[in-house]
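Okay, protein.pdb is below, PDB, C-alpha atoms:
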MODEL        1
ATOM      1  CA  MET U   1     -27.190 -47.968   7.475  1.00  0.00           C
ATOM      2  CA  ILE U   2     -30.346 -50.022   6.823  1.00  0.00           C
ATOM      3  CA  ARG U   3     -29.460 -52.475   9.599  1.00  0.00           C
ATOM      4  CA  PHE U   4     -29.056 -49.566  12.085  1.00  0.00           C
ATOM      5  CA  ALA U   5     -32.441 -48.140  10.993  1.00  0.00           C
ATOM      6  CA  ASN U   6     -34.055 -51.544  11.596  1.00  0.00           C
ATOM      7  CA  VAL U   7     -32.548 -51.705  15.088  1.00  0.00           C
ATOM      8  CA  ILE U   8     -33.854 -48.201  15.878  1.00  0.00           C
ATOM      9  CA  LEU U   9     -37.312 -49.122  14.552  1.00  0.00           C
ATOM     10  CA  LEU U  10     -37.351 -52.334  16.603  1.00  0.00           C
ATOM     11  CA  ALA U  11     -36.268 -50.454  19.732  1.00  0.00           C
ATOM     12  CA  ALA U  12     -39.002 -47.868  19.189  1.00  0.00           C
ATOM     13  CA  CYS U  13     -41.620 -50.609  18.756  1.00  0.00           C
ATOM     14  CA  LEU U  14     -40.477 -52.405  21.909  1.00  0.00           C
ATOM     15  CA  ALA U  15     -40.490 -49.160  23.886  1.00  0.00           C
ATOM     16  CA  PHE U  16     -44.028 -48.496  22.700  1.00  0.00           C
ATOM     17  CA  ALA U  17     -45.172 -52.020  23.530  1.00  0.00           C
ATOM     18  CA  CYS U  18     -43.522 -51.979  26.954  1.00  0.00           C
ATOM     19  CA  GLY U  19     -45.122 -48.650  27.776  1.00  0.00           C
ATOM     20  CA  CYS U  20     -48.671 -49.939  27.214  1.00  0.00           C
ATOM     21  CA  SER U  21     -51.194 -50.955  29.802  1.00  0.00           C
ATOM     22  CA  THR U  22     -52.227 -54.614  29.959  1.00  0.00           C
ATOM     23  CA  THR U  23     -55.270 -55.255  27.779  1.00  0.00           C
ATOM     24  CA  TYR U  24     -58.129 -57.680  28.399  1.00  0.00           C
ATOM     25  CA  GLY U  25     -57.024 -61.209  27.536  1.00  0.00           C
ATOM     26  CA  PRO U  26     -55.739 -64.454  29.067  1.00  0.00           C
ATOM     27  CA  LEU U  27     -52.776 -64.346  31.423  1.00  0.00           C
ATOM     28  CA  GLY U  28     -49.497 -63.972  29.550  1.00  0.00           C
ATOM     29  CA  GLY U  29     -46.115 -62.349  30.013  1.00  0.00           C
ATOM     30  CA  ASP U  30     -47.618 -58.886  30.458  1.00  0.00           C
ATOM     31  CA  GLY U  31     -50.576 -59.823  32.672  1.00  0.00           C
ATOM     32  CA  GLY U  32     -54.166 -60.830  31.944  1.00  0.00           C
ATOM     33  CA  TYR U  33     -57.075 -62.743  33.441  1.00  0.00           C
ATOM     34  CA  TYR U  34     -57.115 -66.163  35.094  1.00  0.00           C
ATOM     35  CA  GLU U  35     -59.630 -68.281  36.935  1.00  0.00           C
ATOM     36  CA  GLN U  36     -59.791 -71.309  39.200  1.00  0.00           C
ATOM     37  CA  LYS U  37     -62.895 -73.471  39.422  1.00  0.00           C
ATOM     38  CA  LEU U  38     -63.682 -74.286  43.065  1.00  0.00           C
ATOM     39  CA  SER U  39     -67.014 -76.004  42.396  1.00  0.00           C
ATOM     40  CA  PRO U  40     -69.415 -76.143  39.433  1.00  0.00           C
ATOM     41  CA  ASP U  41     -70.852 -72.718  40.384  1.00  0.00           C
ATOM     42  CA  THR U  42     -67.993 -71.041  42.274  1.00  0.00           C
ATOM     43  CA  TYR U  43     -64.778 -69.585  40.854  1.00  0.00           C
ATOM     44  CA  ILE U  44     -61.815 -67.490  41.858  1.00  0.00           C
ATOM     45  CA  VAL U  45     -61.424 -64.906  39.087  1.00  0.00           C
ATOM     46  CA  GLY U  46     -58.476 -62.538  38.888  1.00  0.00           C
ATOM     47  CA  PHE U  47     -56.584 -60.151  36.726  1.00  0.00           C
ATOM     48  CA  SER U  48     -52.917 -59.130  36.862  1.00  0.00           C
ATOM     49  CA  GLY U  49     -51.705 -55.944  35.211  1.00  0.00           C
ATOM     50  CA  ASN U  50     -48.315 -54.503  34.440  1.00  0.00           C
ATOM     51  CA  ASP U  51     -46.622 -51.440  35.904  1.00  0.00           C
ATOM     52  CA  VAL U  52     -48.661 -49.152  33.596  1.00  0.00           C
ATOM     53  CA  THR U  53     -52.087 -50.717  34.308  1.00  0.00           C
ATOM     54  CA  SER U  54     -54.222 -48.975  36.938  1.00  0.00           C
ATOM     55  CA  TYR U  55     -55.728 -50.873  39.852  1.00  0.00           C
ATOM     56  CA  GLU U  56     -59.193 -49.777  38.663  1.00  0.00           C
ATOM     57  CA  ASP U  57     -58.535 -51.422  35.278  1.00  0.00           C
ATOM     58  CA  VAL U  58     -57.519 -54.758  36.841  1.00  0.00           C
ATOM     59  CA  GLN U  59     -60.720 -54.698  38.923  1.00  0.00           C
ATOM     60  CA  ARG U  60     -62.790 -53.878  35.831  1.00  0.00           C
ATOM     61  CA  TYR U  61     -61.151 -56.630  33.757  1.00  0.00           C
ATOM     62  CA  ALA U  62     -61.633 -59.238  36.512  1.00  0.00           C
ATOM     63  CA  PHE U  63     -65.326 -58.287  36.664  1.00  0.00           C
ATOM     64  CA  VAL U  64     -65.562 -58.576  32.870  1.00  0.00           C
ATOM     65  CA  ARG U  65     -63.987 -62.041  33.033  1.00  0.00           C
ATOM     66  CA  ALA U  66     -66.413 -63.114  35.781  1.00  0.00           C
ATOM     67  CA  ILE U  67     -69.373 -62.016  33.630  1.00  0.00           C
ATOM     68  CA  ASP U  68     -67.784 -63.768  30.650  1.00  0.00           C
ATOM     69  CA  ILE U  69     -67.533 -67.069  32.554  1.00  0.00           C
ATOM     70  CA  GLY U  70     -71.139 -66.807  33.744  1.00  0.00           C
ATOM     71  CA  ALA U  71     -72.387 -66.143  30.210  1.00  0.00           C
ATOM     72  CA  GLN U  72     -70.366 -69.053  28.777  1.00  0.00           C
ATOM     73  CA  LEU U  73     -71.774 -71.413  31.421  1.00  0.00           C
ATOM     74  CA  GLU U  74     -75.316 -70.054  30.879  1.00  0.00           C
ATOM     75  CA  TYR U  75     -75.795 -68.699  34.380  1.00  0.00           C
ATOM     76  CA  LYS U  76     -78.198 -65.789  34.880  1.00  0.00           C
ATOM     77  CA  TYR U  77     -76.795 -64.148  38.024  1.00  0.00           C
ATOM     78  CA  MET U  78     -73.551 -63.860  39.906  1.00  0.00           C
ATOM     79  CA  GLU U  79     -72.544 -62.711  43.363  1.00  0.00           C
ATOM     80  CA  ILE U  80     -69.098 -61.525  44.466  1.00  0.00           C
ATOM     81  CA  GLU U  81     -68.607 -63.391  47.748  1.00  0.00           C
ATOM     82  CA  GLY U  82     -65.215 -61.868  48.506  1.00  0.00           C
ATOM     83  CA  GLU U  83     -62.488 -59.788  46.912  1.00  0.00           C
ATOM     84  CA  TRP U  84     -58.884 -58.927  47.651  1.00  0.00           C
ATOM     85  CA  ASP U  85     -55.902 -56.987  46.422  1.00  0.00           C
ATOM     86  CA  ASN U  86     -53.436 -59.362  44.804  1.00  0.00           C
ATOM     87  CA  SER U  87     -50.872 -56.744  43.796  1.00  0.00           C
ATOM     88  CA  GLY U  88     -47.176 -57.476  43.936  1.00  0.00           C
ATOM     89  CA  THR U  89     -43.813 -55.808  43.615  1.00  0.00           C
ATOM     90  CA  TYR U  90     -40.763 -56.836  41.661  1.00  0.00           C
ATOM     91  CA  GLN U  91     -37.276 -55.386  41.505  1.00  0.00           C
ATOM     92  CA  LEU U  92     -36.287 -53.816  38.188  1.00  0.00           C
ATOM     93  CA  GLY U  93     -32.541 -53.980  37.592  1.00  0.00           C
ATOM     94  CA  LEU U  94     -30.931 -50.810  36.300  1.00  0.00           C
ATOM     95  CA  PRO U  95     -27.868 -50.826  34.063  1.00  0.00           C
ATOM     96  CA  GLN U  96     -24.442 -50.330  35.610  1.00  0.00           C
ATOM     97  CA  ASN U  97     -23.139 -48.267  32.709  1.00  0.00           C
ATOM     98  CA  THR U  98     -24.879 -45.523  30.759  1.00  0.00           C
ATOM     99  CA  PHE U  99     -23.907 -43.391  27.794  1.00  0.00           C
ATOM    100  CA  THR U 100     -25.473 -39.989  27.187  1.00  0.00           C
ATOM    101  CA  SER U 101     -24.919 -37.658  24.277  1.00  0.00           C
ATOM    102  CA  GLY U 102     -26.613 -34.699  22.649  1.00  0.00           C
ATOM    103  CA  THR U 103     -26.352 -31.182  21.326  1.00  0.00           C
ATOM    104  CA  ALA U 104     -27.265 -27.947  23.059  1.00  0.00           C
ATOM    105  CA  THR U 105     -27.860 -24.659  21.274  1.00  0.00           C
ATOM    106  CA  THR U 106     -28.169 -21.233  22.905  1.00  0.00           C
ATOM    107  CA  TYR U 107     -28.848 -17.755  21.498  1.00  0.00           C
ATOM    108  CA  PRO U 108     -27.467 -15.324  24.127  1.00  0.00           C
ATOM    109  CA  THR U 109     -26.828 -12.434  21.719  1.00  0.00           C
ATOM    110  CA  GLY U 110     -28.881 -13.477  18.706  1.00  0.00           C
ATOM    111  CA  THR U 111     -26.078 -15.676  17.437  1.00  0.00           C
ATOM    112  CA  ALA U 112     -26.420 -19.425  17.716  1.00  0.00           C
ATOM    113  CA  TYR U 113     -23.800 -21.194  19.816  1.00  0.00           C
ATOM    114  CA  THR U 114     -23.897 -24.965  19.505  1.00  0.00           C
ATOM    115  CA  SER U 115     -22.079 -27.408  21.674  1.00  0.00           C
ATOM    116  CA  SER U 116     -22.066 -31.182  21.717  1.00  0.00           C
ATOM    117  CA  TYR U 117     -21.733 -33.260  24.823  1.00  0.00           C
ATOM    118  CA  SER U 118     -21.311 -36.915  25.578  1.00  0.00           C
ATOM    119  CA  GLY U 119     -20.480 -38.917  28.612  1.00  0.00           C
ATOM    120  CA  PHE U 120     -20.107 -42.405  29.909  1.00  0.00           C
ATOM    121  CA  SER U 121     -20.927 -43.076  33.542  1.00  0.00           C
ATOM    122  CA  THR U 122     -20.371 -46.150  35.621  1.00  0.00           C
ATOM    123  CA  GLY U 123     -22.261 -46.936  38.760  1.00  0.00           C
ATOM    124  CA  GLY U 124     -22.923 -49.888  40.935  1.00  0.00           C
ATOM    125  CA  PRO U 125     -25.779 -52.186  40.119  1.00  0.00           C
ATOM    126  CA  SER U 126     -29.063 -50.933  41.507  1.00  0.00           C
ATOM    127  CA  THR U 127     -32.717 -51.902  41.481  1.00  0.00           C
ATOM    128  CA  VAL U 128     -35.987 -50.024  41.694  1.00  0.00           C
ATOM    129  CA  PRO U 129     -39.183 -51.548  43.109  1.00  0.00           C
ATOM    130  CA  VAL U 130     -42.044 -51.665  40.593  1.00  0.00           C
ATOM    131  CA  ARG U 131     -45.627 -52.224  41.764  1.00  0.00           C
ATOM    132  CA  VAL U 132     -47.811 -54.476  39.616  1.00  0.00           C
ATOM    133  CA  PRO U 133     -51.568 -54.314  40.319  1.00  0.00           C
ATOM    134  CA  GLY U 134     -53.585 -57.475  40.806  1.00  0.00           C
ATOM    135  CA  TYR U 135     -57.119 -58.214  41.934  1.00  0.00           C
ATOM    136  CA  GLU U 136     -59.006 -61.420  42.744  1.00  0.00           C
ATOM    137  CA  MET U 137     -62.565 -62.220  43.678  1.00  0.00           C
ATOM    138  CA  ARG U 138     -64.577 -65.253  44.643  1.00  0.00           C
ATOM    139  CA  VAL U 139     -67.675 -65.490  42.469  1.00  0.00           C
ATOM    140  CA  LYS U 140     -70.776 -67.663  42.914  1.00  0.00           C
ATOM    141  CA  TYR U 141     -73.076 -68.171  39.938  1.00  0.00           C
ATOM    142  CA  TYR U 142     -76.824 -68.858  39.934  1.00  0.00           C
ATOM    143  CA  LYS U 143     -79.154 -70.260  37.242  1.00  0.00           C
ATOM    144  CA  ASP U 144     -82.172 -68.677  38.958  1.00  0.00           C
ATOM    145  CA  LYS U 145     -82.477 -65.607  41.154  1.00  0.00           C
ATOM    146  CA  PRO U 146     -81.841 -66.715  44.757  1.00  0.00           C
ATOM    147  CA  GLU U 147     -84.191 -65.778  47.575  1.00  0.00           C
ATOM    148  CA  HIS U 148     -81.484 -63.881  49.524  1.00  0.00           C
ATOM    149  CA  PRO U 149     -82.406 -60.186  49.648  1.00  0.00           C
ATOM    150  CA  ALA U 150     -79.073 -59.318  51.341  1.00  0.00           C
ATOM    151  CA  LEU U 151     -77.013 -60.498  48.364  1.00  0.00           C
ATOM    152  CA  LYS U 152     -75.614 -58.049  45.828  1.00  0.00           C
ATOM    153  CA  LEU U 153     -76.467 -59.866  42.611  1.00  0.00           C
ATOM    154  CA  TYR U 154     -75.317 -58.949  39.129  1.00  0.00           C
ATOM    155  CA  ASP U 155     -77.555 -59.796  36.178  1.00  0.00           C
ATOM    156  CA  ILE U 156     -75.209 -61.454  33.682  1.00  0.00           C
ATOM    157  CA  ASP U 157     -77.276 -60.736  30.542  1.00  0.00           C
ATOM    158  CA  GLU U 158     -77.565 -57.019  31.431  1.00  0.00           C
ATOM    159  CA  ASN U 159     -73.847 -56.733  32.070  1.00  0.00           C
ATOM    160  CA  VAL U 160     -72.852 -58.538  28.873  1.00  0.00           C
ATOM    161  CA  VAL U 161     -74.635 -55.820  26.883  1.00  0.00           C
ATOM    162  CA  LEU U 162     -72.976 -53.037  28.923  1.00  0.00           C
ATOM    163  CA  ILE U 163     -69.527 -54.625  28.606  1.00  0.00           C
ATOM    164  CA  ARG U 164     -69.804 -55.060  24.826  1.00  0.00           C
ATOM    165  CA  LYS U 165     -70.785 -51.398  24.510  1.00  0.00           C
ATOM    166  CA  TRP U 166     -67.871 -50.329  26.756  1.00  0.00           C
ATOM    167  CA  PHE U 167     -65.378 -52.306  24.651  1.00  0.00           C
ATOM    168  CA  GLU U 168     -66.786 -50.819  21.434  1.00  0.00           C
ATOM    169  CA  ASP U 169     -66.530 -47.280  22.865  1.00  0.00           C
ATOM    170  CA  ASN U 170     -62.957 -47.837  24.109  1.00  0.00           C
ATOM    171  CA  LYS U 171     -61.326 -49.438  21.048  1.00  0.00           C
TER     172      LYS U 171
ENDMDL
END

What is this structure when it is put down as structure tokens?
Amino acid sequence: MIRFANVILLAACLAFACGCSTTYGPLGGDGGYYEQKLSPDTYIVGFSGNDVTSYEDVQRYAFVRAIDIGAQLEYKYMEIEGEWDNSGTYQLGLPQNTFTSGTATTYPTGTAYTSSYSGFSTGGPSTVPVRVPGYEMRVKYYKDKPEHPALKLYDIDENVVLIRKWFEDNK
């Protein structure tokens, strides 16, 4: 009985973990951020989510990572030179056989009538497409404020403060 309870607990924990959105962190089995250094001051920065992560969250996390890189390298400003949707789709395999069981209770005349049901169904193998959001951007960093008034610059120090506050508020 204890072994069965452990299996149920493990299944519940896995279901909970699998149902969670990707959190901010390095790329792993469930998504995360990544970067590629193109030159000393230019990077491709991206974030991949899972099927529960919103596209807005992957954009936000990629921006956070870009600010993080700039702060680590002691840059003062950054510019997003380009951005693109890097989402993908994978095929989720569904089981061929399923077992369903349960109990139904009705009270048509004030008296409880209970009935149990169970069934085993067999079907052919099938798959369902699952969309996984992804976002990438090309970022250029600056030590000093450039003299290009057309550029949309982000102040790294300002954004680090805002990002820390956002993470504290959303724990």

Can you work out which one of U:Tyr135, U:Tyr142, U:Tyr75, U:Trp166 has the shortest atom-to-atom distance to U:Asp57, counting all atoms listed in the file? U:Tyr135

Hey, can you check how far atom CA of U:Pro95 sits from atom CA of U:Gly123? 8.3 Å

So, with all atoms listed in the file as the atoms that count, which of U:Gly82, U:Pro40, U:Pro108, U:Gly93 lies closest to U:Thr127? U:Gly93

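Within 9 Å of the point (-73.1, -63.6, 42.6), counting all atoms listed in the file, the protein and nucleic acid residues come to Tyr77, Met78, Glu79, Ile80, Glu81, Arg138, Val139, Lys140, Tyr141, Tyr142, Leu151, Lys152, Leu153, Tyr154 and Asp155 of chain U.
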
Output the selection as a compact mmCIF listing (two decimals), in the coordinates of the input - C-alpha atoms for each residue.
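Resulting contents of out_16.txt:
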# COMPACT_ATOMS: atom_id res chain seq x y z
CA TYR U 77 -76.80 -64.15 38.02
CA MET U 78 -73.55 -63.86 39.91
CA GLU U 79 -72.54 -62.71 43.36
CA ILE U 80 -69.10 -61.52 44.47
CA GLU U 81 -68.61 -63.39 47.75
CA ARG U 138 -64.58 -65.25 44.64
CA VAL U 139 -67.68 -65.49 42.47
CA LYS U 140 -70.78 -67.66 42.91
CA TYR U 141 -73.08 -68.17 39.94
CA TYR U 142 -76.82 -68.86 39.93
CA LEU U 151 -77.01 -60.50 48.36
CA LYS U 152 -75.61 -58.05 45.83
CA LEU U 153 -76.47 -59.87 42.61
CA TYR U 154 -75.32 -58.95 39.13
CA ASP U 155 -77.56 -59.80 36.18

Selection result of the PyMOL selection byres ((chain U and resi 74) around 10) on this file, as a PyMOL selection string: chain U and resi 68-73+75-77+141-143+156-157

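Within 10 Å of the point (-65.5, -58.9, 32.7) in file coordinates, and counting all atoms listed in the file, lie the residues Tyr24, Tyr33, Val45, Phe47, Val58, Gln59, Arg60, Tyr61, Ala62, Phe63, Val64, Arg65, Ala66, Ile67, Asp68, Ile69, Gly70, Asn159, Val160, Ile163 and Arg164 of chain U.
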
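Across the structure, atom CA of U:Ser39 and atom CA of U:Met137 are spaced 14.5 Å apart.
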
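Take atom CA of U:Glu35 and atom CA of U:Thr53: the distance between them is 19.3 Å.
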
Take the PyMOL selection byres ((chain U and resi 94) around 12), run it mentally on this structure, and tell me the resulting residues as a PyMOL selection string. chain U and resi 91-93+95-98+122-130

Return the padded bounding box of stretch 81-86 of chain U as lines of an AutoDock Vina configuration file: axis-aligned, built from all atoms listed in the file, 5 Å added on each side, with centre and edge lengths in Å to one decimal.
center_x = -61.0
center_y = -60.2
center_z = 46.7
size_x = 25.2
size_y = 16.4
size_z = 13.7

Apply the PyMOL selection byres ((chain U and resi 134) around 8) to the displayed file and report the matching residues as an MDAnalysis selection string. chainID U and resid 46:49 55 58:59 85:88 132:133 135:136

Long-range neighbours of U:Thr103 as an MDAnalysis selection string, 8 Å cut-off, all atoms listed in the file, 3 positions minimum in chain: chainID U and resid 114:117
